[in-house]
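So this block is structure.cif, mmCIF, C-alpha atoms:
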data_work
#
loop_
_atom_site.label_atom_id
_atom_site.label_comp_id
_atom_site.auth_asym_id
_atom_site.auth_seq_id
_atom_site.Cartn_x
_atom_site.Cartn_y
_atom_site.Cartn_z
CA MET S 5 20.50 -54.93 -50.38
CA LYS S 6 22.01 -53.63 -53.63
CA ILE S 7 24.73 -50.98 -53.63
CA LYS S 8 22.56 -48.55 -55.63
CA ASP S 9 19.80 -48.93 -52.98
CA ILE S 10 22.25 -48.10 -50.18
CA THR S 11 23.50 -45.11 -52.15
CA PHE S 12 19.91 -43.87 -52.58
CA ILE S 13 19.22 -44.15 -48.83
CA ILE S 14 22.39 -42.20 -47.97
CA ILE S 15 21.46 -39.46 -50.45
CA PHE S 16 17.87 -39.39 -49.10
CA ILE S 17 19.02 -39.03 -45.45
CA SER S 18 21.53 -36.33 -46.42
CA ALA S 19 18.78 -34.40 -48.16
CA ILE S 20 16.57 -34.54 -45.05
CA LEU S 21 19.39 -33.31 -42.82
CA SER S 22 20.13 -30.53 -45.28
CA CYS S 23 16.49 -29.38 -45.23
CA THR S 24 16.39 -29.53 -41.45
CA GLY S 25 19.39 -27.23 -41.17
CA THR S 26 22.46 -28.33 -39.25
CA GLY S 27 22.97 -24.79 -37.98
CA LYS S 28 19.62 -24.86 -36.15
CA LEU S 29 20.37 -28.21 -34.56
CA SER S 30 23.77 -26.95 -33.44
CA ASP S 31 22.23 -23.81 -31.93
CA GLN S 32 19.68 -25.84 -29.96
CA GLU S 33 22.40 -28.09 -28.57
CA ASP S 34 24.18 -25.01 -27.26
CA GLY S 35 21.07 -23.54 -25.64
CA ASP S 36 21.09 -22.58 -21.95
CA THR S 37 17.96 -23.42 -20.00
CA VAL S 38 16.83 -20.56 -17.77
CA SER S 39 16.75 -21.70 -14.16
CA LEU S 40 13.28 -21.46 -12.60
CA LYS S 41 12.89 -22.65 -9.01
CA TYR S 42 9.12 -22.53 -8.57
CA ALA S 43 7.28 -21.96 -11.87
CA GLN S 44 6.03 -25.20 -13.42
CA LEU S 45 4.11 -24.01 -16.47
CA VAL S 46 6.83 -22.26 -18.43
CA ASN S 47 10.22 -23.15 -19.83
CA ALA S 48 12.82 -20.86 -21.41
CA VAL S 49 15.98 -21.74 -23.32
CA LYS S 50 18.44 -19.15 -24.56
CA TYR S 51 20.40 -19.64 -27.77
CA LYS S 52 22.99 -17.44 -29.43
CA ASP S 53 20.57 -15.36 -31.50
CA TYR S 54 17.17 -16.01 -29.95
CA THR S 55 15.27 -17.36 -26.94
CA ILE S 56 12.58 -20.03 -26.97
CA ILE S 57 9.78 -19.78 -24.40
CA ASP S 58 7.30 -22.64 -24.06
CA ILE S 59 4.04 -21.99 -22.21
CA LYS S 60 2.71 -25.34 -21.00
CA ASN S 61 -0.97 -26.19 -21.17
CA PRO S 62 -2.29 -26.27 -17.58
CA TRP S 63 -5.25 -28.43 -18.62
CA HIS S 64 -3.47 -31.00 -20.83
CA GLU S 65 -0.31 -32.44 -19.36
CA GLY S 66 2.52 -32.84 -21.84
CA LYS S 67 1.13 -30.26 -24.28
CA ASN S 68 2.01 -26.62 -24.90
CA LEU S 69 -0.28 -23.65 -25.22
CA ARG S 70 2.23 -21.63 -27.23
CA ARG S 71 5.86 -21.46 -28.18
CA TYR S 72 7.50 -18.07 -28.60
CA VAL S 73 10.76 -17.28 -30.33
CA LEU S 74 12.13 -14.01 -29.00
CA VAL S 75 14.57 -12.22 -31.29
CA PRO S 76 16.06 -8.85 -30.31
CA ALA S 77 14.94 -6.13 -32.71
CA SER S 78 18.52 -4.86 -32.70
CA LYS S 79 19.61 -8.00 -34.57
CA LYS S 80 18.82 -9.35 -38.00
CA LEU S 81 16.38 -12.22 -38.08
CA PRO S 82 18.51 -15.40 -37.93
CA ALA S 83 18.50 -17.60 -41.03
CA SER S 84 17.61 -20.67 -38.98
CA LEU S 85 14.77 -20.53 -36.47
CA PRO S 86 12.36 -23.13 -35.03
CA ASP S 87 9.46 -23.78 -37.37
CA ASP S 88 6.75 -24.01 -34.72
CA GLY S 89 7.13 -20.79 -32.75
CA ILE S 90 5.59 -17.33 -32.84
CA ILE S 91 8.36 -14.84 -33.57
CA ILE S 92 8.35 -11.75 -31.36
CA ARG S 93 10.90 -8.99 -31.79
CA THR S 94 12.01 -7.67 -28.43
CA PRO S 95 11.58 -5.50 -26.53
CA VAL S 96 7.81 -5.34 -26.96
CA LYS S 97 7.03 -1.65 -27.55
CA ARG S 98 3.24 -1.30 -27.93
CA THR S 99 1.04 -3.66 -25.97
CA LEU S 100 -2.62 -4.30 -25.30
CA ILE S 101 -2.86 -5.48 -21.68
CA THR S 102 -6.11 -7.16 -20.67
CA THR S 103 -5.31 -7.73 -16.98
CA SER S 104 -4.75 -5.16 -14.25
CA VAL S 105 -2.07 -7.24 -12.51
CA HIS S 106 0.16 -7.15 -15.57
CA CYS S 107 -0.24 -3.38 -15.77
CA SER S 108 1.23 -3.19 -12.27
CA LEU S 109 4.01 -5.59 -13.15
CA LEU S 110 5.05 -3.63 -16.23
CA LYS S 111 5.31 -0.51 -14.10
CA GLU S 112 7.64 -2.35 -11.73
CA LEU S 113 9.65 -3.55 -14.72
CA GLN S 114 9.86 0.11 -15.83
CA ARG S 115 8.01 -0.61 -19.07
CA GLU S 116 4.63 0.96 -18.29
CA ASN S 117 5.16 3.32 -21.26
CA THR S 118 4.67 0.32 -23.58
CA ILE S 119 1.01 -0.07 -22.51
CA ALA S 120 -0.93 1.34 -25.46
CA GLY S 121 -4.33 -0.06 -24.54
CA VAL S 122 -6.22 -1.93 -21.81
CA CYS S 123 -9.45 -3.87 -21.41
CA ASP S 124 -11.99 -3.58 -18.60
CA ILE S 125 -10.54 -0.25 -17.50
CA GLN S 126 -13.43 0.26 -15.06
CA TYR S 127 -12.02 -2.60 -12.96
CA ILE S 128 -8.43 -1.37 -12.89
CA ASN S 129 -7.66 0.39 -9.58
CA LEU S 130 -4.50 2.08 -10.78
CA PRO S 131 -4.75 5.90 -10.81
CA TRP S 132 -1.99 6.31 -13.40
CA ILE S 133 -3.80 4.02 -15.85
CA LYS S 134 -7.02 6.04 -15.53
CA GLU S 135 -5.08 9.30 -15.84
CA TRP S 136 -3.24 8.16 -18.97
CA HIS S 137 -6.55 7.10 -20.47
CA LYS S 138 -8.00 10.58 -19.86
CA GLU S 139 -4.92 12.09 -21.49
CA GLY S 140 -5.32 9.84 -24.54
CA LYS S 141 -2.11 7.89 -23.93
CA ILE S 142 -3.96 4.61 -23.40
CA LYS S 143 -6.93 3.32 -25.39
CA ASP S 144 -9.93 1.68 -23.80
CA CYS S 145 -10.43 -1.50 -25.80
CA GLY S 146 -13.66 -2.57 -24.15
CA SER S 147 -14.32 -5.90 -22.47
CA THR S 148 -11.76 -8.68 -22.39
CA LEU S 149 -14.45 -11.13 -23.50
CA SER S 150 -15.57 -8.90 -26.36
CA PRO S 151 -12.85 -6.32 -27.13
CA THR S 152 -13.33 -3.38 -29.46
CA ILE S 153 -11.46 -4.56 -32.56
CA GLU S 154 -11.45 -1.12 -34.20
CA ASN S 155 -9.59 0.39 -31.24
CA ILE S 156 -7.07 -2.45 -31.24
CA ILE S 157 -6.38 -1.92 -34.94
CA GLU S 158 -6.03 1.83 -34.40
CA MET S 159 -3.53 1.41 -31.54
CA ASN S 160 -1.47 -0.96 -33.72
CA PRO S 161 0.02 -3.17 -30.96
CA ASP S 162 2.99 -5.44 -31.55
CA ALA S 163 1.69 -7.86 -28.88
CA ILE S 164 -1.51 -8.62 -26.96
CA LEU S 165 -1.32 -10.09 -23.46
CA LEU S 166 -4.28 -12.34 -22.63
CA SER S 167 -5.08 -14.82 -19.87
CA PRO S 168 -6.02 -18.20 -21.35
CA PHE S 169 -8.77 -20.38 -19.96
CA GLN S 170 -9.82 -23.97 -20.46
CA ASN S 171 -11.65 -24.84 -23.70
CA ASN S 172 -11.74 -21.22 -24.82
CA GLY S 173 -11.73 -22.24 -28.48
CA GLY S 174 -9.33 -19.47 -29.48
CA TYR S 175 -9.56 -15.70 -29.31
CA GLY S 176 -11.93 -15.03 -32.21
CA ARG S 177 -11.45 -11.78 -34.11
CA VAL S 178 -8.51 -10.79 -31.91
CA GLU S 179 -6.57 -13.80 -33.13
CA SER S 180 -7.45 -12.99 -36.74
CA LEU S 181 -5.61 -9.66 -36.46
CA GLY S 182 -2.28 -11.44 -36.78
CA VAL S 183 -0.84 -9.72 -33.71
CA PRO S 184 1.22 -12.06 -31.47
CA ILE S 185 -0.79 -13.13 -28.42
CA ILE S 186 1.19 -13.63 -25.22
CA GLU S 187 -0.73 -16.22 -23.18
CA ALA S 188 -0.44 -15.20 -19.53
CA ALA S 189 -0.97 -18.59 -17.90
CA ASP S 190 0.83 -17.50 -14.73
CA TYR S 191 -2.44 -17.50 -12.78
CA MET S 192 -2.63 -21.28 -13.17
CA GLU S 193 0.56 -21.90 -11.19
CA THR S 194 -0.03 -23.86 -7.99
CA SER S 195 2.34 -21.94 -5.74
CA ALA S 196 2.52 -18.27 -4.87
CA LEU S 197 6.22 -18.01 -5.67
CA GLY S 198 5.65 -20.03 -8.85
CA ARG S 199 3.34 -17.37 -10.21
CA ALA S 200 5.56 -14.53 -9.03
CA GLU S 201 8.55 -16.09 -10.79
CA TRP S 202 6.86 -15.46 -14.13
CA MET S 203 8.08 -11.88 -13.82
CA LYS S 204 11.40 -13.27 -15.09
CA ILE S 205 9.65 -14.52 -18.22
CA TYR S 206 7.93 -11.21 -18.85
CA GLY S 207 11.29 -9.56 -18.34
CA MET S 208 12.50 -11.40 -21.44
CA PHE S 209 9.64 -10.10 -23.60
CA TRP S 210 10.30 -6.52 -22.48
CA GLU S 211 14.11 -6.90 -22.12
CA THR S 212 14.17 -6.00 -18.43
CA GLU S 213 15.64 -9.25 -17.17
CA ASN S 214 17.99 -7.67 -14.63
CA ILE S 215 15.16 -5.69 -13.06
CA ALA S 216 12.92 -8.77 -12.99
CA ASP S 217 15.62 -10.96 -11.45
CA THR S 218 16.30 -8.44 -8.69
CA LEU S 219 12.61 -7.90 -8.04
CA PHE S 220 11.90 -11.61 -7.73
CA ALA S 221 14.93 -12.18 -5.51
CA ASN S 222 13.53 -9.59 -3.08
CA VAL S 223 10.05 -11.15 -3.20
CA GLU S 224 11.46 -14.62 -2.55
CA LYS S 225 13.68 -13.47 0.31
CA GLU S 226 10.88 -11.62 2.09
CA TYR S 227 8.41 -14.47 1.58
CA HIS S 228 10.74 -16.97 3.23
CA ARG S 229 11.56 -14.54 6.04
CA LEU S 230 7.89 -14.18 6.88
CA LYS S 231 7.26 -17.91 6.48
CA ASP S 232 10.02 -18.62 9.00
CA ILE S 233 8.45 -16.18 11.47
CA ALA S 234 5.08 -17.89 11.14
CA ALA S 235 6.60 -21.34 11.55
CA LYS S 236 7.79 -20.42 15.05
CA GLN S 237 4.33 -19.46 16.31
CA THR S 238 2.15 -21.55 18.59
CA ASN S 239 -1.58 -21.44 19.31
CA ASN S 240 -2.22 -21.30 15.58
CA PRO S 241 -5.70 -19.96 14.78
CA SER S 242 -8.09 -21.47 12.20
CA ILE S 243 -9.64 -19.64 9.29
CA MET S 244 -12.71 -19.64 7.05
CA LEU S 245 -12.83 -17.88 3.68
CA ASP S 246 -15.15 -15.95 1.38
CA THR S 247 -18.95 -15.86 1.31
CA GLN S 248 -21.90 -17.64 -0.24
CA THR S 249 -22.77 -16.90 -3.89
CA GLY S 250 -26.35 -17.88 -4.52
CA SER S 251 -26.73 -21.40 -3.17
CA VAL S 252 -23.00 -22.18 -3.42
CA TRP S 253 -20.03 -21.31 -1.22
CA TYR S 254 -16.76 -21.47 -3.14
CA ILE S 255 -13.82 -22.52 -0.96
CA PRO S 256 -10.20 -22.68 -2.20
CA GLY S 257 -8.63 -26.12 -2.32
CA GLY S 258 -5.60 -26.89 -0.19
CA SER S 259 -3.28 -26.98 -3.23
CA SER S 260 -4.43 -23.59 -4.51
CA THR S 261 -2.18 -20.56 -4.26
CA ILE S 262 -4.21 -19.08 -1.42
CA GLY S 263 -4.38 -22.47 0.31
CA LYS S 264 -0.61 -22.65 0.37
CA VAL S 265 -0.24 -19.04 1.55
CA ILE S 266 -2.54 -19.87 4.47
CA ALA S 267 -0.38 -22.88 5.32
CA ASP S 268 2.80 -20.81 5.11
CA ALA S 269 1.20 -18.25 7.43
CA GLY S 270 0.82 -20.91 10.10
CA ILE S 271 -2.97 -20.83 9.97
CA ARG S 272 -5.11 -23.95 10.28
CA TYR S 273 -7.49 -24.53 7.36
CA ALA S 274 -10.12 -27.27 7.20
CA TYR S 275 -9.39 -28.05 3.54
CA SER S 276 -5.59 -27.84 3.66
CA ASP S 277 -5.32 -31.56 2.86
CA VAL S 278 -7.64 -31.41 -0.15
CA ASN S 279 -5.36 -31.71 -3.18
CA LYS S 280 -7.24 -29.33 -5.47
CA ASN S 281 -5.83 -26.28 -7.23
CA GLY S 282 -9.14 -24.55 -7.83
CA SER S 283 -12.20 -24.00 -5.68
CA LEU S 284 -14.62 -26.41 -4.06
CA ALA S 285 -18.33 -25.70 -4.54
CA LEU S 286 -19.91 -26.36 -1.15
CA SER S 287 -23.33 -25.97 0.38
CA TYR S 288 -23.92 -23.69 3.35
CA GLU S 289 -24.45 -26.76 5.54
CA LYS S 290 -21.08 -28.21 4.55
CA VAL S 291 -19.31 -24.91 5.20
CA LEU S 292 -21.00 -24.61 8.59
CA ASP S 293 -19.91 -28.12 9.46
CA SER S 294 -16.30 -27.34 8.47
CA PHE S 295 -15.88 -23.76 9.72
CA SER S 296 -18.37 -23.10 12.52
CA GLU S 297 -15.54 -22.91 15.08
CA ALA S 298 -13.01 -21.07 12.90
CA ASP S 299 -11.25 -18.20 14.69
CA ILE S 300 -10.88 -15.88 11.71
CA TRP S 301 -13.10 -15.08 8.72
CA MET S 302 -11.46 -13.42 5.69
CA LEU S 303 -13.46 -12.48 2.61
CA LYS S 304 -13.41 -10.29 -0.48
CA TYR S 305 -16.28 -8.23 -1.89
CA ASN S 306 -16.84 -5.57 -4.53
CA SER S 307 -19.01 -2.63 -3.55
CA PRO S 308 -19.11 1.19 -3.62
CA TYR S 309 -19.93 1.00 0.09
CA ASP S 310 -17.89 -0.33 2.98
CA MET S 311 -19.13 -3.60 4.37
CA THR S 312 -20.09 -3.83 8.04
CA LEU S 313 -20.95 -6.79 10.25
CA SER S 314 -24.60 -5.85 9.88
CA SER S 315 -24.53 -5.63 6.09
CA LEU S 316 -22.65 -8.94 5.91
CA ALA S 317 -25.38 -10.60 7.98
CA ALA S 318 -28.10 -9.02 5.83
CA GLU S 319 -26.56 -10.52 2.69
CA ASN S 320 -25.64 -13.87 4.21
CA ASN S 321 -28.20 -15.59 6.38
CA GLY S 322 -26.71 -17.74 9.08
CA CYS S 323 -23.65 -15.59 9.89
CA ASN S 324 -24.49 -15.87 13.57
CA ASN S 325 -23.73 -19.57 13.41
CA PHE S 326 -20.02 -18.91 12.84
CA ASN S 327 -17.66 -18.34 15.75
CA ALA S 328 -15.59 -15.73 13.88
CA TYR S 329 -18.67 -13.61 13.24
CA LYS S 330 -19.94 -13.89 16.81
CA LYS S 331 -16.54 -12.70 18.03
CA SER S 332 -16.40 -9.88 15.46
CA ASN S 333 -13.23 -11.32 14.00
CA VAL S 334 -14.12 -10.77 10.35
CA TYR S 335 -11.73 -9.16 7.87
CA ALA S 336 -12.85 -8.01 4.42
CA CYS S 337 -11.18 -6.63 1.30
CA ASN S 338 -13.22 -4.34 -0.95
CA THR S 339 -11.77 -5.04 -4.40
CA ALA S 340 -13.69 -2.08 -5.83
CA VAL S 341 -11.18 0.28 -4.23
CA SER S 342 -8.31 -1.96 -3.11
CA THR S 343 -5.28 -2.81 -5.27
CA TYR S 344 -5.47 -6.42 -4.08
CA TYR S 345 -5.77 -7.89 -7.57
CA GLU S 346 -3.23 -5.47 -9.02
CA GLU S 347 -0.49 -6.17 -6.48
CA THR S 348 -0.69 -9.48 -4.64
CA PRO S 349 -0.31 -12.01 -7.51
CA PHE S 350 3.30 -10.98 -8.15
CA HIS S 351 3.88 -9.98 -4.54
CA PRO S 352 2.76 -13.00 -2.51
CA GLU S 353 4.98 -11.82 0.34
CA ARG S 354 2.50 -8.96 0.86
CA LEU S 355 -0.42 -11.37 1.00
CA LEU S 356 1.48 -13.66 3.35
CA LYS S 357 2.25 -10.74 5.64
CA GLU S 358 -1.41 -9.73 5.63
CA HIS S 359 -2.43 -13.15 6.89
CA ILE S 360 0.29 -13.28 9.54
CA ILE S 361 -0.67 -9.82 10.86
CA ILE S 362 -4.29 -10.97 11.26
CA ALA S 363 -3.43 -14.38 12.71
CA PHE S 364 -0.69 -13.23 15.08
CA PRO S 365 -1.29 -9.57 16.03
CA HIS S 366 1.17 -9.84 18.92
CA LEU S 367 4.04 -9.90 16.41
CA ASN S 368 3.44 -6.20 15.66
CA LEU S 369 4.27 -6.52 11.96
CA GLY S 370 2.31 -3.40 11.11
CA ASP S 371 -1.15 -2.68 9.73
CA THR S 372 -2.99 -4.57 7.04
CA LYS S 373 -3.29 -2.94 3.63
CA TYR S 374 -5.94 -4.97 1.84
CA PHE S 375 -8.15 -6.54 4.52
CA LYS S 376 -9.90 -4.39 7.11
CA LYS S 377 -11.64 -5.59 10.25
CA LEU S 378 -15.38 -5.12 9.95
CA LYS S 379 -17.09 -2.87 12.46
#

Let me see the file written as structure tokens.
Amino acid sequence: MKIKDITFIIIFISAILSCTGTGKLSDQEDGDTVSLKYAQLVNAVKYKDYTIIDIKNPWHEGKNLRRYVLVPASKKLPASLPDDGIIIRTPVKRTLITTSVHCSLLKELQRENTIAGVCDIQYINLPWIKEWHKEGKIKDCGSTLSPTIENIIEMNPDAILLSPFQNNGGYGRVESLGVPIIEAADYMETSALGRAEWMKIYGMFWETENIADTLFANVEKEYHRLKDIAAKQTNNPSIMLDTQTGSVWYIPGGSSTIGKVIADAGIRYAYSDVNKNGSLALSYEKVLDSFSEADIWMLKYNSPYDMTLSSLAAENNGCNNFNAYKKSNVYACNTAVSTYYEETPFHPERLLKEHIIIAFPHLNLGDTKYFKKLK
């Protein structure tokens, strides 16, 4: 190789390094990875002037849904930032929240005043949200699947929090607004504490990390305390879940969040060994074969009226074939009035306690909050 060729290569490599920015490379080398014990779908690295948060794609291993670059609004925008991230100035101050559970979480993080709008308000069982809407403090932005764009533009949010789903093909007109979309993939975590740990991530967006850390530490401690109590019990009862929808009965897989809560509660579950995060679509005959002798039946429903054993039987033929029904050991949660969906995702210790109270009443752990025994 000629000397002039070598000289050209050196100059070419130097030019590439110059364009890349040595300062950015140095910053990334000095980054501190945020320690997460349970969450698998998110990663956060703190640098001197910004924080990078990667939301992993739950449906495509090795790929990301989004990368966010959080830069405090109190600081000037750094000269060197990653090229592939969505820049969000923190703390987020005006937000459109499309999920009731994140409304509850923001209240616990003491940032409920940043909620400027919500979707599906008719399904949010939080009195303060409904009151703020009446007072004009919070806009109703319609359905999550088809939000009212005019209201979103009028509220002028600096972020929109949405739950992603597989093959959604983007967010349509909402995405075209140019407002940063925070993809709340926490619901796809495969452990109860994994999802709850996302409160630390949201704490970074809203700059309430200390509150989030303390809150999660309390959740984790209580969850393990209750799990240890359940582990010491004998004569463990068995459980069946939910009800038939049309011709299909959807049953959670053993690797789902609820499947693992059941296991941690010391309750036997016919599908505990089925390594599936989502639900299994089963026929009535298959459910009967698997759960006819189950000791406990727990289900959720949405109705303006309280369910009874009689109304359950009227809606579900064949109830008399299940041991739990014959023994009147059926517990139901009416999500039309309960705060089950608002509270339990980030407080799995409450859901765990609920199951332990039902499974082992002799422990005298108190009364259930979400599930009530049918009369």

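Compared by their closest atoms to Lys357 in chain S, and using all atoms listed in the file, the residues S:Lys330, S:Lys111, S:His64, S:His228 rank with S:His228 nearest.
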
Subject >> For range 199-202 of chain S: contacts at 6 Å, only C-alpha atoms, fewer than 3 positions along chain excluded, given as a ChimeraX atom specification >> reply: /S:190,193,196,205,350

Original post:
Between S:Asp124, S:Glu353, S:Glu139, S:Glu213, which one has atoms that come closest to Lys225 in chain S, using all atoms listed in the file?
Top reply: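 So, comparing all the options, the nearest one is S:Glu353.
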
Subject >> Close residues, Arg98 in chain S itself excluded, 12 Å, only C-alpha atoms, min 2 positions apart in chain, as a ChimeraX atom specification >> reply: /S:93-96,100-101,115-122,141-143,156-165,183-184,209-210

Original post:
Which of these, S:Leu378, S:Leu292, S:Leu113, S:Leu356, has the shortest distance to Glu224 in chain S once you count only C-alpha atoms?
Top reply: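 With only C-alpha atoms as the atom set, the closest residue is S:Leu356.
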
Original post:
Could you list as JSON, numbers by chain every residue that has an atom within 9 Å of (-1.5, -4.1, -11.5), using the file's coordinates and counting only C-alpha atoms?
Top reply: {"S": [103, 104, 105, 106, 107, 108, 109, 110, 111, 128, 129, 130, 343, 344, 345, 346, 347, 348, 349]}

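Among S:Thr55, S:Ser39, S:Ser180, S:Thr148, the residue with the shortest atom-to-atom distance to Lys204 in chain S, counting all atoms listed in the file, is S:Ser39.
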
Original post:
CA of Gly282 in chain S and CA of Leu45 in chain S are how many Å apart?
Top reply: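 CA of Gly282 in chain S sits 15.8 Å away from CA of Leu45 in chain S.
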
Some atoms are missing, so please complete range 261-269 of chain S with all heavy atoms and return it as a JSON list (two decimals), in the coordinates of the input.
[["chain", "number", "residue", "atom", "x", "y", "z"],
["S", 261, "THR", "N", -3.15, -21.56, -4.70],
["S", 261, "THR", "CA", -2.18, -20.56, -4.26],
["S", 261, "THR", "C", -2.54, -20.01, -2.88],
["S", 261, "THR", "O", -1.69, -19.95, -1.99],
["S", 261, "THR", "CB", -2.10, -19.41, -5.28],
["S", 261, "THR", "OG1", -1.64, -19.92, -6.52],
["S", 261, "THR", "CG2", -1.12, -18.34, -4.81],
["S", 262, "ILE", "N", -3.81, -19.64, -2.70],
["S", 262, "ILE", "CA", -4.21, -19.08, -1.42],
["S", 262, "ILE", "C", -4.16, -20.14, -0.32],
["S", 262, "ILE", "O", -3.81, -19.85, 0.84],
["S", 262, "ILE", "CB", -5.62, -18.44, -1.50],
["S", 262, "ILE", "CG1", -5.95, -17.67, -0.22],
["S", 262, "ILE", "CG2", -6.68, -19.48, -1.79],
["S", 262, "ILE", "CD1", -5.03, -16.51, 0.05],
["S", 263, "GLY", "N", -4.47, -21.38, -0.67],
["S", 263, "GLY", "CA", -4.38, -22.47, 0.31],
["S", 263, "GLY", "C", -2.97, -22.63, 0.84],
["S", 263, "GLY", "O", -2.77, -22.87, 2.04],
["S", 264, "LYS", "N", -2.00, -22.49, -0.05],
["S", 264, "LYS", "CA", -0.61, -22.65, 0.37],
["S", 264, "LYS", "C", -0.11, -21.42, 1.14],
["S", 264, "LYS", "O", 0.73, -21.55, 2.03],
["S", 264, "LYS", "CB", 0.27, -22.92, -0.85],
["S", 264, "LYS", "CG", -0.02, -24.29, -1.46],
["S", 264, "LYS", "CD", 0.85, -24.60, -2.66],
["S", 264, "LYS", "CE", 0.56, -25.99, -3.18],
["S", 264, "LYS", "NZ", 1.36, -26.32, -4.39],
["S", 265, "VAL", "N", -0.60, -20.24, 0.79],
["S", 265, "VAL", "CA", -0.24, -19.04, 1.55],
["S", 265, "VAL", "C", -0.75, -19.17, 2.98],
["S", 265, "VAL", "O", -0.05, -18.83, 3.94],
["S", 265, "VAL", "CB", -0.81, -17.77, 0.88],
["S", 265, "VAL", "CG1", -0.72, -16.57, 1.82],
["S", 265, "VAL", "CG2", -0.07, -17.47, -0.42],
["S", 266, "ILE", "N", -1.97, -19.67, 3.13],
["S", 266, "ILE", "CA", -2.54, -19.87, 4.47],
["S", 266, "ILE", "C", -1.67, -20.83, 5.28],
["S", 266, "ILE", "O", -1.39, -20.60, 6.46],
["S", 266, "ILE", "CB", -3.99, -20.40, 4.35],
["S", 266, "ILE", "CG1", -4.91, -19.30, 3.83],
["S", 266, "ILE", "CG2", -4.48, -20.91, 5.69],
["S", 266, "ILE", "CD1", -6.29, -19.78, 3.47],
["S", 267, "ALA", "N", -1.24, -21.91, 4.63],
["S", 267, "ALA", "CA", -0.38, -22.88, 5.32],
["S", 267, "ALA", "C", 0.94, -22.26, 5.72],
["S", 267, "ALA", "O", 1.44, -22.46, 6.83],
["S", 267, "ALA", "CB", -0.15, -24.09, 4.42],
["S", 268, "ASP", "N", 1.53, -21.46, 4.82],
["S", 268, "ASP", "CA", 2.80, -20.81, 5.11],
["S", 268, "ASP", "C", 2.67, -19.74, 6.19],
["S", 268, "ASP", "O", 3.66, -19.38, 6.84],
["S", 268, "ASP", "CB", 3.39, -20.19, 3.83],
["S", 268, "ASP", "CG", 3.87, -21.25, 2.84],
["S", 268, "ASP", "OD1", 4.09, -22.40, 3.28],
["S", 268, "ASP", "OD2", 4.02, -20.92, 1.64],
["S", 269, "ALA", "N", 1.45, -19.25, 6.38],
["S", 269, "ALA", "CA", 1.20, -18.25, 7.43],
["S", 269, "ALA", "C", 0.98, -18.90, 8.79],
["S", 269, "ALA", "O", 0.78, -18.20, 9.79],
["S", 269, "ALA", "CB", 0.00, -17.39, 7.07]]
